[in-house]
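As stored in run.pdb (PDB, C-alpha atoms):
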MODEL        1
ATOM      1  CA  MET A   1     139.067  83.571  89.543
ATOM      2  CA  LYS A   2     135.367  82.602  89.525
ATOM      3  CA  LYS A   3     135.415  82.182  93.299
ATOM      4  CA  LYS A   4     136.973  85.610  93.747
ATOM      5  CA  ILE A   5     134.316  87.190  91.542
ATOM      6  CA  LEU A   6     131.559  85.364  93.432
ATOM      7  CA  SER A   7     132.994  86.550  96.746
ATOM      8  CA  LEU A   8     132.940  90.153  95.549
ATOM      9  CA  ILE A   9     129.328  89.785  94.409
ATOM     10  CA  ILE A  10     128.241  88.274  97.718
ATOM     11  CA  LEU A  11     130.000  90.867  99.843
ATOM     12  CA  THR A  12     129.185  94.085  98.038
ATOM     13  CA  LEU A  13     127.393  96.814  99.936
ATOM     14  CA  PHE A  14     123.776  95.815  99.633
ATOM     15  CA  SER A  15     120.481  97.686  99.581
ATOM     16  CA  ILE A  16     118.362  95.981 102.236
ATOM     17  CA  THR A  17     114.940  95.233 100.825
ATOM     18  CA  THR A  18     112.905  93.526 103.567
ATOM     19  CA  VAL A  19     110.797  95.873 105.670
ATOM     20  CA  GLU A  20     112.240  94.816 109.019
ATOM     21  CA  ALA A  21     115.807  94.796 107.754
ATOM     22  CA  GLN A  22     115.229  98.249 106.320
ATOM     23  CA  LYS A  23     114.243  99.429 109.807
ATOM     24  CA  MET A  24     117.605  98.297 111.140
ATOM     25  CA  LEU A  25     119.436  99.976 108.281
ATOM     26  CA  ASN A  26     117.603 103.228 109.006
ATOM     27  CA  SER A  27     118.422 102.955 112.721
ATOM     28  CA  PHE A  28     122.136 102.587 111.942
ATOM     29  CA  ASN A  29     122.454 104.492 108.689
ATOM     30  CA  TYR A  30     125.972 105.610 109.598
ATOM     31  CA  LEU A  31     127.205 102.036 109.172
ATOM     32  CA  GLY A  32     128.203 100.194 106.023
ATOM     33  CA  TRP A  33     126.048  97.120 105.428
ATOM     34  CA  ILE A  34     127.239  93.854 103.908
ATOM     35  CA  SER A  35     125.078  91.076 102.482
ATOM     36  CA  LEU A  36     125.989  87.626 103.793
ATOM     37  CA  SER A  37     123.837  85.815 101.267
ATOM     38  CA  ASP A  38     124.140  84.686  97.681
ATOM     39  CA  ARG A  39     120.496  83.575  97.536
ATOM     40  CA  PRO A  40     117.586  85.839  96.620
ATOM     41  CA  TYR A  41     115.315  84.403  99.341
ATOM     42  CA  SER A  42     117.850  84.757 102.172
ATOM     43  CA  THR A  43     118.477  88.166 103.718
ATOM     44  CA  TYR A  44     121.348  88.214 106.193
ATOM     45  CA  PHE A  45     123.303  91.391 106.825
ATOM     46  CA  PHE A  46     126.225  92.639 108.860
ATOM     47  CA  GLY A  47     126.908  96.301 109.616
ATOM     48  CA  TYR A  48     130.030  98.088 110.865
ATOM     49  CA  ASP A  49     131.718 101.479 110.590
ATOM     50  CA  ARG A  50     133.831 101.278 107.438
ATOM     51  CA  ASN A  51     135.662 104.459 108.460
ATOM     52  CA  GLY A  52     136.408 103.166 111.946
ATOM     53  CA  THR A  53     139.428 101.417 113.366
ATOM     54  CA  THR A  54     138.097  98.734 115.713
ATOM     55  CA  PHE A  55     136.435  96.281 113.314
ATOM     56  CA  HIS A  56     138.600  94.701 110.630
ATOM     57  CA  PHE A  57     136.381  93.262 107.903
ATOM     58  CA  ASP A  58     137.427  90.256 105.809
ATOM     59  CA  GLY A  59     134.173  88.672 104.650
ATOM     60  CA  ILE A  60     135.603  85.385 103.440
ATOM     61  CA  PRO A  61     133.369  82.359 102.706
ATOM     62  CA  GLN A  62     134.918  79.591 104.782
ATOM     63  CA  ASP A  63     134.992  77.205 101.841
ATOM     64  CA  PHE A  64     137.550  79.520 100.238
ATOM     65  CA  LEU A  65     139.949  79.010 103.165
ATOM     66  CA  SER A  66     142.435  76.173 103.394
ATOM     67  CA  ILE A  67     141.647  73.208 105.624
ATOM     68  CA  SER A  68     144.440  74.236 108.005
ATOM     69  CA  ASP A  69     143.230  77.832 108.360
ATOM     70  CA  PRO A  70     141.789  78.299 111.895
ATOM     71  CA  ARG A  71     139.213  80.693 110.481
ATOM     72  CA  ARG A  72     137.681  77.704 108.753
ATOM     73  CA  MET A  73     138.191  75.131 111.489
ATOM     74  CA  ASP A  74     136.548  77.085 114.304
ATOM     75  CA  SER A  75     133.796  75.347 116.278
ATOM     76  CA  ASN A  76     130.855  76.851 114.348
ATOM     77  CA  TYR A  77     131.889  75.433 110.988
ATOM     78  CA  GLY A  78     129.998  72.183 110.584
ATOM     79  CA  GLY A  79     131.700  71.099 107.382
ATOM     80  CA  ASN A  80     128.412  71.264 105.513
ATOM     81  CA  GLY A  81     129.999  73.440 102.840
ATOM     82  CA  GLY A  82     128.492  76.237 100.821
ATOM     83  CA  SER A  83     129.169  79.951 100.738
ATOM     84  CA  MET A  84     126.745  80.652 103.605
ATOM     85  CA  ASN A  85     129.496  80.107 106.195
ATOM     86  CA  PHE A  86     131.554  83.260 106.604
ATOM     87  CA  TYR A  87     134.521  84.459 108.522
ATOM     88  CA  ILE A  88     133.378  88.072 108.844
ATOM     89  CA  GLY A  89     136.399  89.658 110.518
ATOM     90  CA  TYR A  90     137.680  90.626 113.935
ATOM     91  CA  PHE A  91     137.112  93.327 116.534
ATOM     92  CA  GLN A  92     139.931  94.892 118.555
ATOM     93  CA  GLN A  93     139.283  98.003 120.609
ATOM     94  CA  HIS A  94     142.922  99.157 120.396
ATOM     95  CA  ASP A  95     146.416  97.738 119.893
ATOM     96  CA  GLY A  96     147.146  95.202 122.606
ATOM     97  CA  ALA A  97     143.451  94.705 123.444
ATOM     98  CA  PRO A  98     141.810  91.251 123.143
ATOM     99  CA  ILE A  99     140.798  90.158 119.649
ATOM    100  CA  TYR A 100     137.315  88.798 118.962
ATOM    101  CA  HIS A 101     136.635  86.876 115.744
ATOM    102  CA  PHE A 102     133.192  87.129 114.128
ATOM    103  CA  PHE A 103     131.564  84.351 112.098
ATOM    104  CA  PHE A 104     128.224  83.679 110.450
ATOM    105  CA  SER A 105     126.616  80.408 109.400
ATOM    106  CA  GLU A 106     123.194  79.636 107.985
ATOM    107  CA  GLY A 107     123.497  76.175 109.491
ATOM    108  CA  PRO A 108     122.305  72.868 108.038
ATOM    109  CA  SER A 109     118.564  73.657 108.313
ATOM    110  CA  VAL A 110     118.314  77.450 107.934
ATOM    111  CA  ASP A 111     119.322  78.436 111.458
ATOM    112  CA  PRO A 112     121.198  81.698 110.783
ATOM    113  CA  THR A 113     123.645  82.236 113.618
ATOM    114  CA  PHE A 114     126.346  84.756 114.440
ATOM    115  CA  TYR A 115     129.325  83.491 116.439
ATOM    116  CA  ILE A 116     132.188  85.169 118.261
ATOM    117  CA  THR A 117     135.390  83.454 119.392
ATOM    118  CA  ASP A 118     138.472  84.634 121.228
ATOM    119  CA  ASN A 119     141.815  85.104 119.489
ATOM    120  CA  ASP A 120     142.512  81.367 119.788
ATOM    121  CA  PHE A 121     139.136  80.588 118.193
ATOM    122  CA  ASN A 122     137.605  79.294 121.405
ATOM    123  CA  PRO A 123     133.823  79.912 121.318
ATOM    124  CA  LEU A 124     132.598  82.784 123.486
ATOM    125  CA  TRP A 125     129.156  83.724 122.202
ATOM    126  CA  SER A 126     126.513  82.754 119.676
ATOM    127  CA  GLN A 127     123.013  83.965 118.873
ATOM    128  CA  PHE A 128     120.442  83.273 116.187
ATOM    129  CA  GLY A 129     119.954  86.345 114.029
ATOM    130  CA  GLN A 130     119.480  87.656 110.516
ATOM    131  CA  GLU A 131     120.871  91.173 110.926
ATOM    132  CA  MET A 132     123.753  92.192 113.165
ATOM    133  CA  ALA A 133     125.772  95.367 113.641
ATOM    134  CA  VAL A 134     128.825  96.219 115.742
ATOM    135  CA  THR A 135     129.813  99.775 116.667
ATOM    136  CA  GLU A 136     133.245 101.272 117.256
ATOM    137  CA  GLY A 137     132.664 100.982 121.001
ATOM    138  CA  GLY A 138     131.993  97.250 120.878
ATOM    139  CA  VAL A 139     128.205  97.413 121.136
ATOM    140  CA  ILE A 140     126.392  94.671 119.219
ATOM    141  CA  TYR A 141     122.846  95.020 117.896
ATOM    142  CA  LEU A 142     121.029  91.883 116.764
ATOM    143  CA  MET A 143     117.680  91.266 115.085
ATOM    144  CA  GLY A 144     115.912  88.176 113.763
ATOM    145  CA  THR A 145     112.831  85.961 113.625
ATOM    146  CA  ILE A 146     114.348  82.499 113.102
ATOM    147  CA  ASN A 147     114.107  80.324 116.244
ATOM    148  CA  ARG A 148     112.257  83.182 117.939
ATOM    149  CA  MET A 149     108.626  83.950 118.763
ATOM    150  CA  PHE A 150     108.748  87.291 116.947
ATOM    151  CA  ASN A 151     111.307  89.637 115.445
ATOM    152  CA  MET A 152     113.510  90.150 118.505
ATOM    153  CA  LYS A 153     115.795  93.161 118.897
ATOM    154  CA  MET A 154     118.699  92.619 121.306
ATOM    155  CA  LYS A 155     121.729  94.574 122.467
ATOM    156  CA  PHE A 156     125.065  93.190 123.696
ATOM    157  CA  LYS A 157     128.339  94.682 124.860
ATOM    158  CA  ILE A 158     131.891  93.413 124.407
ATOM    159  CA  THR A 159     133.556  93.824 127.810
ATOM    160  CA  SER A 160     136.841  92.813 129.407
ATOM    161  CA  SER A 161     135.061  89.851 131.003
ATOM    162  CA  GLY A 162     133.234  88.678 127.899
ATOM    163  CA  ILE A 163     130.097  89.498 125.931
ATOM    164  CA  ARG A 164     126.932  90.221 127.854
ATOM    165  CA  GLU A 165     123.393  91.155 126.912
ATOM    166  CA  ILE A 166     122.134  94.571 127.989
ATOM    167  CA  PRO A 167     118.928  93.547 129.778
ATOM    168  CA  GLN A 168     115.599  95.026 128.733
ATOM    169  CA  PRO A 169     112.572  94.957 131.054
ATOM    170  CA  TYR A 170     110.488  93.805 128.081
ATOM    171  CA  TYR A 171     111.115  92.987 124.425
ATOM    172  CA  TYR A 172     109.271  95.168 121.927
ATOM    173  CA  VAL A 173     107.014  93.178 119.584
ATOM    174  CA  GLY A 174     105.018  95.750 117.592
ATOM    175  CA  VAL A 175     102.846  93.251 115.699
ATOM    176  CA  GLN A 176      99.459  94.479 114.445
ATOM    177  CA  GLY A 177      96.731  92.380 112.887
ATOM    178  CA  GLU A 178      93.517  90.476 113.343
ATOM    179  CA  LEU A 179      93.183  87.677 115.868
ATOM    180  CA  LEU A 180      93.141  84.163 114.426
ATOM    181  CA  LYS A 181      91.720  82.820 117.698
ATOM    182  CA  PRO A 182      89.637  84.402 120.471
ATOM    183  CA  ILE A 183      91.615  85.611 123.490
ATOM    184  CA  LYS A 184      91.192  87.268 126.857
ATOM    185  CA  LEU A 185      93.316  90.108 128.166
ATOM    186  CA  TYR A 186      94.118  90.161 131.881
ATOM    187  CA  SER A 187      95.105  92.917 134.286
ATOM    188  CA  GLN A 188      98.071  90.842 135.477
ATOM    189  CA  LYS A 189     100.352  88.248 133.917
ATOM    190  CA  GLU A 190      99.024  85.710 136.433
ATOM    191  CA  GLY A 191      95.691  86.079 138.187
ATOM    192  CA  GLY A 192      94.012  89.462 138.089
ATOM    193  CA  GLU A 193      90.799  90.436 136.316
ATOM    194  CA  VAL A 194      89.666  90.042 132.732
ATOM    195  CA  VAL A 195      90.179  93.384 130.983
ATOM    196  CA  ALA A 196      88.691  92.323 127.648
ATOM    197  CA  THR A 197      87.310  89.262 125.859
ATOM    198  CA  LEU A 198      88.176  89.550 122.169
ATOM    199  CA  PRO A 199      86.773  87.417 119.326
ATOM    200  CA  LYS A 200      88.505  85.943 116.318
ATOM    201  CA  GLY A 201      88.988  88.635 113.655
ATOM    202  CA  TYR A 202      89.328  91.486 116.156
ATOM    203  CA  ALA A 203      92.166  93.956 115.477
ATOM    204  CA  VAL A 204      94.884  94.216 118.126
ATOM    205  CA  GLU A 205      98.480  95.306 118.564
ATOM    206  CA  VAL A 206     100.945  93.116 120.440
ATOM    207  CA  LEU A 207     103.125  95.634 122.257
ATOM    208  CA  LEU A 208     105.598  93.809 124.509
ATOM    209  CA  ALA A 209     106.828  90.354 125.486
ATOM    210  CA  ASP A 210     107.860  89.496 129.028
ATOM    211  CA  PRO A 211     111.313  87.821 128.836
ATOM    212  CA  ARG A 212     110.699  86.173 132.216
ATOM    213  CA  SER A 213     107.685  84.231 130.928
ATOM    214  CA  VAL A 214     109.061  81.151 129.174
ATOM    215  CA  ALA A 215     106.688  78.321 128.322
ATOM    216  CA  GLU A 216     107.404  75.173 130.326
ATOM    217  CA  ASP A 217     109.380  72.460 128.501
ATOM    218  CA  GLU A 218     109.834  74.737 125.495
ATOM    219  CA  ASP A 219     112.673  76.702 123.898
ATOM    220  CA  SER A 220     114.191  79.405 126.120
ATOM    221  CA  THR A 221     112.700  82.165 123.968
ATOM    222  CA  THR A 222     109.153  80.816 123.709
ATOM    223  CA  TYR A 223     107.700  83.686 125.712
ATOM    224  CA  ASN A 224     104.022  83.206 126.517
ATOM    225  CA  ARG A 225     102.997  86.493 128.166
ATOM    226  CA  TYR A 226     102.388  89.513 125.925
ATOM    227  CA  LEU A 227     101.036  92.968 126.611
ATOM    228  CA  VAL A 228      98.320  93.648 124.032
ATOM    229  CA  ARG A 229      96.298  96.729 123.061
ATOM    230  CA  SER A 230      92.779  96.226 121.792
ATOM    231  CA  ASN A 231      91.441  98.236 118.871
ATOM    232  CA  PHE A 232      89.378 100.213 121.375
ATOM    233  CA  GLY A 233      92.489 101.027 123.390
ATOM    234  CA  LEU A 234      92.299  98.674 126.378
ATOM    235  CA  VAL A 235      95.607  97.112 127.418
ATOM    236  CA  GLY A 236      96.075  93.757 129.118
ATOM    237  CA  TRP A 237      98.155  90.604 129.256
ATOM    238  CA  MET A 238      97.618  87.869 126.673
ATOM    239  CA  ARG A 239      98.477  84.398 127.962
ATOM    240  CA  LEU A 240      99.471  81.911 125.281
ATOM    241  CA  ALA A 241      98.863  78.212 125.851
ATOM    242  CA  ASN A 242     101.422  75.727 124.511
ATOM    243  CA  GLU A 243      99.227  74.995 121.482
ATOM    244  CA  ASP A 244      99.372  78.703 120.567
ATOM    245  CA  LEU A 245     103.178  78.958 120.480
ATOM    246  CA  SER A 246     103.820  77.633 116.972
ATOM    247  CA  SER A 247     103.890  79.943 113.971
ATOM    248  CA  PHE A 248     101.840  77.284 112.128
ATOM    249  CA  ASP A 249      98.810  77.839 114.391
ATOM    250  CA  PRO A 250      99.278  81.226 116.066
ATOM    251  CA  VAL A 251      96.879  83.555 117.836
ATOM    252  CA  ILE A 252      98.081  86.351 115.529
ATOM    253  CA  ARG A 253     100.469  86.254 112.594
ATOM    254  CA  GLY A 254     103.930  87.421 113.617
ATOM    255  CA  VAL A 255     103.827  85.930 117.119
ATOM    256  CA  GLY A 256     104.744  82.261 117.012
ATOM    257  CA  PHE A 257     107.918  80.188 117.142
ATOM    258  CA  VAL A 258     109.660  80.035 113.763
ATOM    259  CA  GLY A 259     112.030  77.093 113.747
ATOM    260  CA  ASP A 260     112.444  73.343 113.955
TER
ENDMDL
END
Would you write the structure of this file as structure tokens?
Amino acid sequence: MKKKILSLIILTLFSITTVEAQKMLNSFNYLGWISLSDRPYSTYFFGYDRNGTTFHFDGIPQDFLSISDPRRMDSNYGGNGGSMNFYIGYFQQHDGAPIYHFFFSEGPSVDPTFYITDNDFNPLWSQFGQEMAVTEGGVIYLMGTINRMFNMKMKFKITSSGIREIPQPYYYVGVQGELLKPIKLYSQKEGGEVVATLPKGYAVEVLLADPRSVAEDEDSTTYNRYLVRSNFGLVGWMRLANEDLSSFDPVIRGVGFVGD
């Protein structure tokens, strides 16, 4: 009985409190949002159309499932226990269409990840993220900062051939603040002229990240080329060196790899 009560508490419709999560809620305010966390410092959410027919929500902590239940024994469940591993539910566009099972796990070292498997629980897709939504048409929206350089917003589509990302020419960053290190802005990502030389403490806005600019020998999302606007209004490319990629010693707060 206590486990059932706890499950209901965890999976009640939740008022999203973080600023960035609130932005996602406002963008998809026609969806019902579910908290996937029983901890006050963890904010993980899943959204879907509660009046729709394509997503079938279960929201079961995997520890509550029997050992033989395939919803517990899928490949993302590491056996580390705890109520932060969820079988969320499944998506099916219509009767007879393929079934896609949705899971969430915080992981052993706070690596929040959403997973999707096929009907036989074979892994198809996984992405780090803290907020995720799926629409009636099988469009997936994902947002998160963990194991990313900034709060990334991504879009995916469930298709007959699998799940693919809808490519964006750039990722929006939208970070404003004062520089923690001096930088130069360039007219081109490589080469070009110096547009501005900016000192530590100068106010800037980081506008965009180039998804084709991955730092050598680093994680696949450690983008190192950013379009930046100076306080005066000049725009140019900021080039991050490897020592600037960590969130522990960033050029500006909000742009730096958050993860192990």
- [ ] Can you work out which one of A:Ile158, A:Ala203, A:Tyr44, A:Arg229 has the shortest atom-to-atom distance to A:Phe128, counting all atoms listed in the file?
- [x] A:Tyr44
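Picked out by the PyMOL selection byres ((chain A and resi 58) around 6) when it runs on this file: Phe57, Gly59, Ile60, Ile88 and Gly89 of chain A.
Considering all atoms listed in the file, the residue among A:Phe55, A:Tyr186, A:Phe46, A:Trp237 positioned nearest to A:Asp210 is A:Trp237.
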Open item on the list: So that I can check the surroundings of stretch 24-31 of chain A, please list as a list in words every protein, DNA and RNA residue that reaches within 8 Å of it, counting all atoms listed in the file and ignoring chain neighbours fewer than 6 positions away.
Closed with: Ile16, Gly47, Tyr48, Asp49, Arg50 and Glu131 of chain A
- [ ] Given the file shown, determine the residues that the PyMOL selection byres ((chain A and resi 124) around 10) selects; report them as a PyMOL selection string.
- [x] chain A and resi 100-101+115-118+121-123+125-126+162-163
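Selection by the PyMOL selection byres ((chain A and resi 154) around 8) on the present file picks out A:Tyr141, A:Leu142, A:Met143, A:Met152, A:Lys153, A:Lys155, A:Phe156, A:Glu165, A:Ile166.
Protein, DNA and RNA residues at most 10 Å from (119.3, 79.9, 107.2), with all atoms listed in the file, are these: A:Ser37, A:Tyr41, A:Ser42, A:Thr43, A:Tyr44, A:Met84, A:Ser105, A:Glu106, A:Gly107, A:Pro108, A:Ser109, A:Val110, A:Asp111, A:Pro112, A:Thr113, A:Phe128, A:Gly129, A:Gln130, A:Ile146.
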Could I get stretch 150-162 of chain A from the block written out with all heavy atoms, as a PDB file, in the first residue's frame?
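In the end it all went to result.pdb:
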ATOM      1  N   PHE A 150      25.094  23.476 -22.801  1.00  0.00           N
ATOM      2  CA  PHE A 150      24.104  24.489 -22.435  1.00  0.00           C
ATOM      3  C   PHE A 150      22.755  23.795 -22.438  1.00  0.00           C
ATOM      4  O   PHE A 150      22.687  22.581 -22.652  1.00  0.00           O
ATOM      5  CB  PHE A 150      24.127  25.667 -23.439  1.00  0.00           C
ATOM      6  CG  PHE A 150      24.012  25.230 -24.870  1.00  0.00           C
ATOM      7  CD1 PHE A 150      22.789  25.140 -25.496  1.00  0.00           C
ATOM      8  CD2 PHE A 150      25.147  24.885 -25.593  1.00  0.00           C
ATOM      9  CE1 PHE A 150      22.678  24.709 -26.801  1.00  0.00           C
ATOM     10  CE2 PHE A 150      25.056  24.454 -26.913  1.00  0.00           C
ATOM     11  CZ  PHE A 150      23.816  24.363 -27.513  1.00  0.00           C
ATOM     12  N   ASN A 151      21.699  24.533 -22.189  1.00  0.00           N
ATOM     13  CA  ASN A 151      20.375  23.911 -22.167  1.00  0.00           C
ATOM     14  C   ASN A 151      19.898  23.694 -23.603  1.00  0.00           C
ATOM     15  O   ASN A 151      19.347  24.592 -24.230  1.00  0.00           O
ATOM     16  CB  ASN A 151      19.395  24.788 -21.397  1.00  0.00           C
ATOM     17  CG  ASN A 151      18.093  24.062 -21.094  1.00  0.00           C
ATOM     18  OD1 ASN A 151      17.959  22.875 -21.366  1.00  0.00           O
ATOM     19  ND2 ASN A 151      17.153  24.767 -20.521  1.00  0.00           N
ATOM     20  N   MET A 152      20.103  22.488 -24.110  1.00  0.00           N
ATOM     21  CA  MET A 152      19.801  22.188 -25.511  1.00  0.00           C
ATOM     22  C   MET A 152      18.327  21.867 -25.702  1.00  0.00           C
ATOM     23  O   MET A 152      17.724  21.163 -24.889  1.00  0.00           O
ATOM     24  CB  MET A 152      20.641  21.012 -26.006  1.00  0.00           C
ATOM     25  CG  MET A 152      22.084  21.369 -26.292  1.00  0.00           C
ATOM     26  SD  MET A 152      23.024  19.958 -26.937  1.00  0.00           S
ATOM     27  CE  MET A 152      22.134  19.616 -28.463  1.00  0.00           C
ATOM     28  N   LYS A 153      17.762  22.387 -26.793  1.00  0.00           N
ATOM     29  CA  LYS A 153      16.394  22.070 -27.191  1.00  0.00           C
ATOM     30  C   LYS A 153      16.454  21.305 -28.506  1.00  0.00           C
ATOM     31  O   LYS A 153      16.997  21.797 -29.500  1.00  0.00           O
ATOM     32  CB  LYS A 153      15.548  23.327 -27.358  1.00  0.00           C
ATOM     33  CG  LYS A 153      15.173  24.020 -26.049  1.00  0.00           C
ATOM     34  CD  LYS A 153      16.242  24.987 -25.600  1.00  0.00           C
ATOM     35  CE  LYS A 153      15.754  25.818 -24.400  1.00  0.00           C
ATOM     36  NZ  LYS A 153      16.824  26.727 -23.910  1.00  0.00           N
ATOM     37  N   MET A 154      15.886  20.090 -28.516  1.00  0.00           N
ATOM     38  CA  MET A 154      15.976  19.216 -29.683  1.00  0.00           C
ATOM     39  C   MET A 154      14.589  18.696 -30.061  1.00  0.00           C
ATOM     40  O   MET A 154      13.686  18.615 -29.220  1.00  0.00           O
ATOM     41  CB  MET A 154      16.926  18.043 -29.397  1.00  0.00           C
ATOM     42  CG  MET A 154      18.280  18.469 -28.875  1.00  0.00           C
ATOM     43  SD  MET A 154      19.337  17.085 -28.372  1.00  0.00           S
ATOM     44  CE  MET A 154      19.834  16.449 -29.976  1.00  0.00           C
ATOM     45  N   LYS A 155      14.461  18.338 -31.327  1.00  0.00           N
ATOM     46  CA  LYS A 155      13.196  17.818 -31.844  1.00  0.00           C
ATOM     47  C   LYS A 155      13.468  16.530 -32.609  1.00  0.00           C
ATOM     48  O   LYS A 155      14.410  16.453 -33.406  1.00  0.00           O
ATOM     49  CB  LYS A 155      12.530  18.855 -32.760  1.00  0.00           C
ATOM     50  CG  LYS A 155      11.202  18.415 -33.347  1.00  0.00           C
ATOM     51  CD  LYS A 155      10.607  19.516 -34.222  1.00  0.00           C
ATOM     52  CE  LYS A 155       9.272  19.103 -34.832  1.00  0.00           C
ATOM     53  NZ  LYS A 155       8.681  20.188 -35.676  1.00  0.00           N
ATOM     54  N   PHE A 156      12.624  15.514 -32.365  1.00  0.00           N
ATOM     55  CA  PHE A 156      12.745  14.217 -33.021  1.00  0.00           C
ATOM     56  C   PHE A 156      11.385  13.806 -33.574  1.00  0.00           C
ATOM     57  O   PHE A 156      10.347  14.330 -33.173  1.00  0.00           O
ATOM     58  CB  PHE A 156      13.248  13.160 -32.031  1.00  0.00           C
ATOM     59  CG  PHE A 156      14.578  13.473 -31.424  1.00  0.00           C
ATOM     60  CD1 PHE A 156      14.676  14.291 -30.311  1.00  0.00           C
ATOM     61  CD2 PHE A 156      15.742  12.951 -31.969  1.00  0.00           C
ATOM     62  CE1 PHE A 156      15.900  14.601 -29.745  1.00  0.00           C
ATOM     63  CE2 PHE A 156      16.985  13.252 -31.401  1.00  0.00           C
ATOM     64  CZ  PHE A 156      17.052  14.073 -30.297  1.00  0.00           C
ATOM     65  N   LYS A 157      11.405  12.846 -34.462  1.00  0.00           N
ATOM     66  CA  LYS A 157      10.171  12.352 -35.069  1.00  0.00           C
ATOM     67  C   LYS A 157      10.192  10.831 -35.108  1.00  0.00           C
ATOM     68  O   LYS A 157      11.167  10.223 -35.544  1.00  0.00           O
ATOM     69  CB  LYS A 157      10.031  12.917 -36.494  1.00  0.00           C
ATOM     70  CG  LYS A 157       8.871  12.367 -37.295  1.00  0.00           C
ATOM     71  CD  LYS A 157       7.520  12.810 -36.763  1.00  0.00           C
ATOM     72  CE  LYS A 157       6.392  12.329 -37.645  1.00  0.00           C
ATOM     73  NZ  LYS A 157       5.050  12.649 -37.087  1.00  0.00           N
ATOM     74  N   ILE A 158       9.097  10.224 -34.625  1.00  0.00           N
ATOM     75  CA  ILE A 158       8.926   8.778 -34.744  1.00  0.00           C
ATOM     76  C   ILE A 158       8.435   8.493 -36.156  1.00  0.00           C
ATOM     77  O   ILE A 158       7.387   8.989 -36.576  1.00  0.00           O
ATOM     78  CB  ILE A 158       7.925   8.251 -33.710  1.00  0.00           C
ATOM     79  CG1 ILE A 158       8.425   8.525 -32.290  1.00  0.00           C
ATOM     80  CG2 ILE A 158       7.680   6.753 -33.911  1.00  0.00           C
ATOM     81  CD1 ILE A 158       7.438   8.142 -31.201  1.00  0.00           C
ATOM     82  N   THR A 159       9.199   7.720 -36.906  1.00  0.00           N
ATOM     83  CA  THR A 159       8.854   7.402 -38.296  1.00  0.00           C
ATOM     84  C   THR A 159       8.792   5.898 -38.478  1.00  0.00           C
ATOM     85  O   THR A 159       9.147   5.124 -37.582  1.00  0.00           O
ATOM     86  CB  THR A 159       9.891   7.985 -39.269  1.00  0.00           C
ATOM     87  OG1 THR A 159      11.128   7.249 -39.147  1.00  0.00           O
ATOM     88  CG2 THR A 159      10.168   9.456 -38.972  1.00  0.00           C
ATOM     89  N   SER A 160       8.371   5.471 -39.643  1.00  0.00           N
ATOM     90  CA  SER A 160       8.284   4.032 -39.933  1.00  0.00           C
ATOM     91  C   SER A 160       9.655   3.368 -39.952  1.00  0.00           C
ATOM     92  O   SER A 160       9.770   2.153 -39.793  1.00  0.00           O
ATOM     93  CB  SER A 160       7.585   3.814 -41.281  1.00  0.00           C
ATOM     94  OG  SER A 160       8.288   4.485 -42.318  1.00  0.00           O
ATOM     95  N   SER A 161      10.700   4.169 -40.139  1.00  0.00           N
ATOM     96  CA  SER A 161      12.058   3.612 -40.198  1.00  0.00           C
ATOM     97  C   SER A 161      12.851   3.870 -38.916  1.00  0.00           C
ATOM     98  O   SER A 161      14.041   3.588 -38.858  1.00  0.00           O
ATOM     99  CB  SER A 161      12.814   4.204 -41.396  1.00  0.00           C
ATOM    100  OG  SER A 161      12.862   5.615 -41.320  1.00  0.00           O
ATOM    101  N   GLY A 162      12.194   4.407 -37.909  1.00  0.00           N
ATOM    102  CA  GLY A 162      12.893   4.650 -36.653  1.00  0.00           C
ATOM    103  C   GLY A 162      12.637   6.041 -36.118  1.00  0.00           C
ATOM    104  O   GLY A 162      11.660   6.696 -36.482  1.00  0.00           O
TER     105      GLY A 162
END
